[in-house]
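K.L.:
This is the structure I have questions about; it appears just below.
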Number of protein chains: 2
Amino acid sequence: MSGPLDPLIKAIARLPGLGPRSARRIAIHLLTKPEPSLTALIDALQNAKEQIINCSTCGNLDTLDPCRICQDDTRVQNKLCVVANVSDLWAVERTRAFKGQYHILGGVLSALDGIGPDDLTLGLLLERVQSGAYTEVILALNATVDGQSTAHYISDKIMDLVALAGDQDSGEDAITITRLAHGVPVGGELDYLDDGTITTALKSRSSV
Amino acid sequence: MSGPLDPLIKAIARLPGLGPRSARRIAIHLLTKPEPSLTALIDALQNAKEQIINCSTCGNLDTLDPCRICQDDTRVQNKLCVVANVSDLWAVERTRAFKGQYHILGGVLSALDGIGPDDLTLGLLLERVQSGAYTEVILALNATVDGQSTAHYISDKIMDLVALAGDQDSGEDAITITRLAHGVPVGGELDYLDDGTITTALKSRSSV
């Protein structure tokens, strides 16, 4: 019976995290509430479509290219934080604990989803690392199987680059590759944590 | 850090069932996936905004006024099903068990939410009932406190109308007011049902 609303419901149901039922609810909300909500949504989408672009350096979404982060001279220039996607960049930025540069991969390697090295911005990352601008590369990827294998892959590739550069010149431009610490989340209760996390936290224990 | 995307994220987060986190995810999805998904959504919203209207008879959403259901001559003309909103109409239509007319209230009475009789299409409903076109009014409202008090309120109002009409003329136009049956849902297990439902189902038991 939703016939005339079907195109709208289908377009909404295609968004991540929404199914046919929540899409129906949203479509009805937009069409029965006072019209401003629908107009406001269309305007917001239209503006975003026209103004938001990908930063050609790091891959961030912004109205500027290079983006605000890449343009910001007050940030540390020689630390590069590699994240899988824009939401991970935002998650790191929210902490205010990192004030360096970013590189967005556009995903992680995944045999199941058919995502190989060519589907990510790995070439661009290696170019940036090869430029010699960075002394540390922080691999801030998810602690999942795919995230960690991607981290290993990138780390191997950067090692190769560094070894190659070391052969050619004096090799004083050593790059440190780091990853986020694994362990008990702040506020986490041992009873509710999985064995893998507790094992890792035990292995990486530090003296008080 | 989501600065430039903030207007879009806020517009999305205002939709029912979505919060800031899911709105961020949707905004990033729309802006990082190949552009057609964003354009398709804008087009679908724009088309809906231009074409979908409220049926002036029953309140249904359609591209036509009167809507397809009100225009359909093959449907039973003298049974009126009163529902709270468009999604309830669709839910009843999906069953294919009712082939009559509809009336959408636009919500239910709710003291907590400050929704009184004037916020619903009660006046229109009473006019339709008074026209004498219907012999049965089915109150298909939620089995919640608000839904049931709305049903009682409507039923009282219709009774008043019928009594008034009975005083004036011979009163042969009797209207039956019915409500949906309460009981154990099909496929429901007693062990998982609340006491109220089981009590109601026991009271309304029927002989096999």
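Ligands are numbered from 1 in the order shown, residues from 1 within each chain, and chains are lettered A, B, ... in the order they appear in the structure tokens.
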Apply DSSP to the structure's backbone, then extract all residues of range 17-162 of chain A labelled alpha helix (DSSP H) and return them as a ChimeraX atom specification.

P.N.:
/A:20-32,36-51,68-71,86-95,122-130,145-162

K.L.:
I want to know what sits within 9 Å of range 88-97 of chain A, based on only C-alpha atoms, with residues of the same chain fewer than 2 positions away left out; could you give that as a ChimeraX atom specification?

P.N.:
/A:60,81-86,99,102-104,140-142 /B:1-2

K.L.:
Please, could you write that set of residues out with C-alpha atoms as a CSV table (one decimal), in the first residue's frame?

P.N.:
```
chain,number,residue,atom,x,y,z
A,60,ASN,CA,39.4,13.9,4.8
A,81,CYS,CA,48.2,8.8,11.9
A,82,VAL,CA,46.8,6.2,9.5
A,83,VAL,CA,43.1,5.6,9.9
A,84,ALA,CA,40.6,3.4,7.9
A,85,ASN,CA,38.0,6.1,7.3
A,86,VAL,CA,36.7,9.5,8.1
A,99,LYS,CA,47.9,16.9,17.0
A,102,TYR,CA,46.3,12.0,9.0
A,103,HIS,CA,46.0,9.6,6.2
A,104,ILE,CA,42.7,8.0,5.4
A,140,ALA,CA,45.3,3.6,14.3
A,141,LEU,CA,43.3,0.7,12.8
A,142,ASN,CA,40.6,-1.3,14.4
B,1,MET,CA,36.0,17.8,13.8
B,2,SER,CA,32.9,17.1,11.7
```

K.L.:
Let me make sure I understand: among B:Asn47, B:Gly100, B:Ala111, B:Lys33, which one has the smallest atom-to-atom distance to Cys70 in chain B if we use only C-alpha atoms?

P.N.:
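Closest to Cys70 in chain B, using only C-alpha atoms: B:Gly100.
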
K.L.:
Report, in Å to a single decimal, how far apart CA of Leu8 in chain B and CA of Asp43 in chain A are.

P.N.:
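If I compute the distance from CA of Asp43 in chain A to CA of Leu8 in chain B, I get 8.7 Å.
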
K.L.:
Hey, can you check how far CA of Tyr134 in chain B sits from CA of Phe98 in chain B?

P.N.:
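A separation of 14.6 Å between them.
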
K.L.:
Using DSSP assignments from the backbone, pull out every residue in range 140-187 of chain A that falls under strand (DSSP E) and give it to me as a ChimeraX atom specification.

P.N.:
/A:176-179

K.L.:
Write out as a Markdown table a residue-level contact list of chain B versus chain A with cut-off 9 Å: for each qualifying residue the closest pair of atoms and the distance in Å to one decimal, counting only C-alpha atoms, rows sorted by chain and residue number upward.

P.N.:
```
| residue | atom | partner | partner_atom | distance |
| --- | --- | --- | --- | --- |
| B:Met1 | CA | A:Trp90 | CA | 5.7 |
| B:Ser2 | CA | A:Trp90 | CA | 6.7 |
| B:Gly3 | CA | A:Asp62 | CA | 8.2 |
| B:Pro4 | CA | A:Asp62 | CA | 5.8 |
| B:Leu5 | CA | A:Ala48 | CA | 7.1 |
| B:Pro7 | CA | A:Ala44 | CA | 6.2 |
| B:Leu8 | CA | A:Ala44 | CA | 4.9 |
| B:Ile9 | CA | A:Ala44 | CA | 8.6 |
| B:Lys10 | CA | A:Ala44 | CA | 8.9 |
| B:Ala11 | CA | A:Leu41 | CA | 5.5 |
| B:Ile12 | CA | A:Leu41 | CA | 7.0 |
| B:Arg14 | CA | A:Ser37 | CA | 8.4 |
| B:Leu15 | CA | A:Ile26 | CA | 6.2 |
| B:Pro16 | CA | A:Ile26 | CA | 6.0 |
| B:Gly17 | CA | A:Ser22 | CA | 7.3 |
| B:Ser22 | CA | A:Gly17 | CA | 7.3 |
| B:Arg24 | CA | A:Ser87 | CA | 7.6 |
| B:Arg25 | CA | A:Pro16 | CA | 7.3 |
| B:Ile26 | CA | A:Pro16 | CA | 6.0 |
| B:Ala27 | CA | A:Leu45 | CA | 8.9 |
| B:Ile28 | CA | A:Val86 | CA | 7.2 |
| B:His29 | CA | A:Pro16 | CA | 7.3 |
| B:Leu30 | CA | A:Leu15 | CA | 7.9 |
| B:Leu31 | CA | A:Lys49 | CA | 7.4 |
| B:Thr32 | CA | A:Asn54 | CA | 8.2 |
| B:Glu35 | CA | A:Lys49 | CA | 8.3 |
| B:Ser37 | CA | A:Ala11 | CA | 8.0 |
| B:Leu38 | CA | A:Lys49 | CA | 7.2 |
| B:Thr39 | CA | A:Lys49 | CA | 8.0 |
| B:Ala40 | CA | A:Ala11 | CA | 6.8 |
| B:Leu41 | CA | A:Ala11 | CA | 5.5 |
| B:Ile42 | CA | A:Ile42 | CA | 6.1 |
| B:Asp43 | CA | A:Leu8 | CA | 8.7 |
| B:Ala44 | CA | A:Leu8 | CA | 4.9 |
| B:Leu45 | CA | A:Leu8 | CA | 6.2 |
| B:Gln46 | CA | A:Ile42 | CA | 7.1 |
| B:Asn47 | CA | A:Leu8 | CA | 8.3 |
| B:Ala48 | CA | A:Leu8 | CA | 6.8 |
| B:Lys49 | CA | A:Leu38 | CA | 7.3 |
| B:Gln51 | CA | A:Pro4 | CA | 8.8 |
| B:Ile52 | CA | A:Pro4 | CA | 7.4 |
| B:Ile53 | CA | A:Leu31 | CA | 8.2 |
| B:Asn54 | CA | A:Thr32 | CA | 8.2 |
| B:Leu61 | CA | A:Leu31 | CA | 7.9 |
| B:Asp62 | CA | A:Pro4 | CA | 5.9 |
| B:Thr63 | CA | A:Pro4 | CA | 6.4 |
| B:Val86 | CA | A:Ile28 | CA | 7.2 |
| B:Ser87 | CA | A:Arg25 | CA | 7.4 |
| B:Leu89 | CA | A:Met1 | CA | 8.5 |
| B:Trp90 | CA | A:Met1 | CA | 5.7 |
| B:Ala91 | CA | A:Met1 | CA | 8.7 |
| B:Glu93 | CA | A:Met1 | CA | 6.4 |
| B:Arg94 | CA | A:Met1 | CA | 7.1 |
| B:Gly106 | CA | A:Thr32 | CA | 8.7 |
```

K.L.:
Identify, on the basis of only C-alpha atoms, every residue whose closest approach to Asp194 in chain B does not exceed 12 Å; exclude the query and any residue fewer than 6 positions from it along the same chain; express the result as a PDB file with C-alpha atoms, in the first residue's frame.

P.N.:
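To be explicit, this is the file written out as selection07.pdb:
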```pdb
ATOM      1  CA  GLY B 183      -5.611 -12.035  22.889  1.00  0.00           C
ATOM      2  CA  VAL B 184      -2.607 -14.256  22.290  1.00  0.00           C
ATOM      3  CA  PRO B 185      -0.772 -13.137  19.077  1.00  0.00           C
ATOM      4  CA  GLY B 188       2.870 -16.345  20.513  1.00  0.00           C
ATOM      5  CA  THR B 200      -7.743 -10.810  28.386  1.00  0.00           C
ATOM      6  CA  ALA B 201      -7.347 -13.942  26.270  1.00  0.00           C
TER       7      ALA B 201
END
```

K.L.:
Show me, as a CSV table (one decimal) with N, CA, C and O atoms, in the first residue's frame, the residues that have an atom within 9 Å of range 123-132 of chain B when counting only C-alpha atoms, minus same-chain residues fewer than 3 positions from it.

P.N.:
```
chain,number,residue,atom,x,y,z
B,57,THR,N,-10.0,13.3,2.2
B,57,THR,CA,-11.1,12.5,2.8
B,57,THR,C,-10.6,11.7,4.0
B,57,THR,O,-11.1,11.9,5.1
B,58,CYS,N,-9.5,10.9,3.8
B,58,CYS,CA,-9.2,10.0,4.8
B,58,CYS,C,-7.8,10.3,5.5
B,58,CYS,O,-7.5,9.9,6.6
B,78,ASN,N,-19.4,0.8,3.1
B,78,ASN,CA,-20.0,1.2,4.3
B,78,ASN,C,-19.3,0.7,5.6
B,78,ASN,O,-19.9,0.7,6.7
B,80,LEU,N,-15.9,1.6,7.9
B,80,LEU,CA,-14.9,2.6,8.1
B,80,LEU,C,-13.9,2.2,9.2
B,80,LEU,O,-14.3,1.9,10.3
B,82,VAL,N,-10.9,3.1,11.5
B,82,VAL,CA,-10.2,4.3,12.1
B,82,VAL,C,-8.8,3.9,12.6
B,82,VAL,O,-8.7,3.0,13.4
B,103,HIS,N,-10.0,6.0,8.0
B,103,HIS,CA,-9.9,7.4,8.4
B,103,HIS,C,-8.7,7.5,9.3
B,103,HIS,O,-8.5,6.7,10.3
B,104,ILE,N,-7.8,8.4,9.0
B,104,ILE,CA,-6.6,8.5,9.7
B,104,ILE,C,-6.7,9.7,10.7
B,104,ILE,O,-7.0,10.8,10.3
B,105,LEU,N,-6.5,9.4,12.0
B,105,LEU,CA,-6.7,10.4,13.1
B,105,LEU,C,-5.5,11.4,13.1
B,105,LEU,O,-5.7,12.5,13.6
B,117,PRO,N,-8.3,16.5,21.6
B,117,PRO,CA,-9.2,16.2,20.5
B,117,PRO,C,-9.0,17.1,19.3
B,117,PRO,O,-9.2,16.7,18.1
B,118,ASP,N,-8.7,18.4,19.5
B,118,ASP,CA,-8.6,19.3,18.4
B,118,ASP,C,-7.3,19.1,17.6
B,118,ASP,O,-7.2,19.6,16.5
B,120,LEU,N,-6.4,16.2,16.5
B,120,LEU,CA,-6.7,15.0,15.7
B,120,LEU,C,-7.8,15.4,14.6
B,120,LEU,O,-8.4,16.4,14.8
B,135,THR,N,-22.1,1.8,8.2
B,135,THR,CA,-22.9,1.0,9.1
B,135,THR,C,-22.0,0.4,10.2
B,135,THR,O,-22.5,-0.1,11.2
B,137,VAL,N,-18.1,1.1,12.2
B,137,VAL,CA,-16.9,1.9,12.4
B,137,VAL,C,-15.9,1.0,13.3
B,137,VAL,O,-16.3,0.6,14.4
B,154,ILE,N,-13.8,8.2,21.1
B,154,ILE,CA,-14.4,8.3,19.8
B,154,ILE,C,-15.7,7.5,19.9
B,154,ILE,O,-16.8,8.0,19.4
B,157,LYS,N,-18.3,9.7,21.5
B,157,LYS,CA,-18.8,10.7,20.6
B,157,LYS,C,-19.7,10.2,19.5
B,157,LYS,O,-20.7,10.9,19.2
B,158,ILE,N,-19.4,9.0,18.9
B,158,ILE,CA,-20.3,8.5,17.9
B,158,ILE,C,-21.6,8.1,18.5
B,158,ILE,O,-22.7,8.3,17.9
B,161,LEU,N,-23.7,11.1,18.7
B,161,LEU,CA,-24.3,11.4,17.4
B,161,LEU,C,-25.5,10.6,17.0
B,161,LEU,O,-26.5,11.1,16.6
B,162,VAL,N,-25.3,9.3,17.3
B,162,VAL,CA,-26.4,8.3,16.9
B,162,VAL,C,-27.6,8.6,17.7
B,162,VAL,O,-28.7,8.6,17.2
B,165,ALA,N,-29.3,11.6,16.4
B,165,ALA,CA,-30.0,11.3,15.1
B,165,ALA,C,-31.3,10.5,15.4
B,165,ALA,O,-32.3,10.7,14.7
B,173,ASP,N,-30.8,4.1,11.1
B,173,ASP,CA,-29.4,4.1,10.6
B,173,ASP,C,-28.5,3.7,11.8
B,173,ASP,O,-27.5,4.4,12.1
B,175,ILE,N,-25.4,2.4,13.8
B,175,ILE,CA,-24.0,2.2,13.5
B,175,ILE,C,-23.4,1.2,14.5
B,175,ILE,O,-23.6,1.4,15.7
```

K.L.:
B:Asp146, B:Asp65, B:Asp156, B:Asp72: which is nearest Gly114 in chain B, counting only C-alpha atoms?

P.N.:
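Ranked by minimum distance to Gly114 in chain B, first place goes to B:Asp146.
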
K.L.:
Find the residues near Thr178 in chain B: any atom within 8 Å, counting only C-alpha atoms, skip ones fewer than 6 places away on the same chain, and give them as a list in words.

P.N.:
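Final neighbour list, sorted by chain and number: Glu136, Val137, Ile138 and Leu139 of chain B.
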
K.L.:
Which one is closest to Gln71 in chain B: B:Thr121, B:Ser56, B:Thr144, B:Ser207? Count only C-alpha atoms.

P.N.:
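Looking only at the distances to Gln71 in chain B, the closest residue turns out to be B:Ser56.
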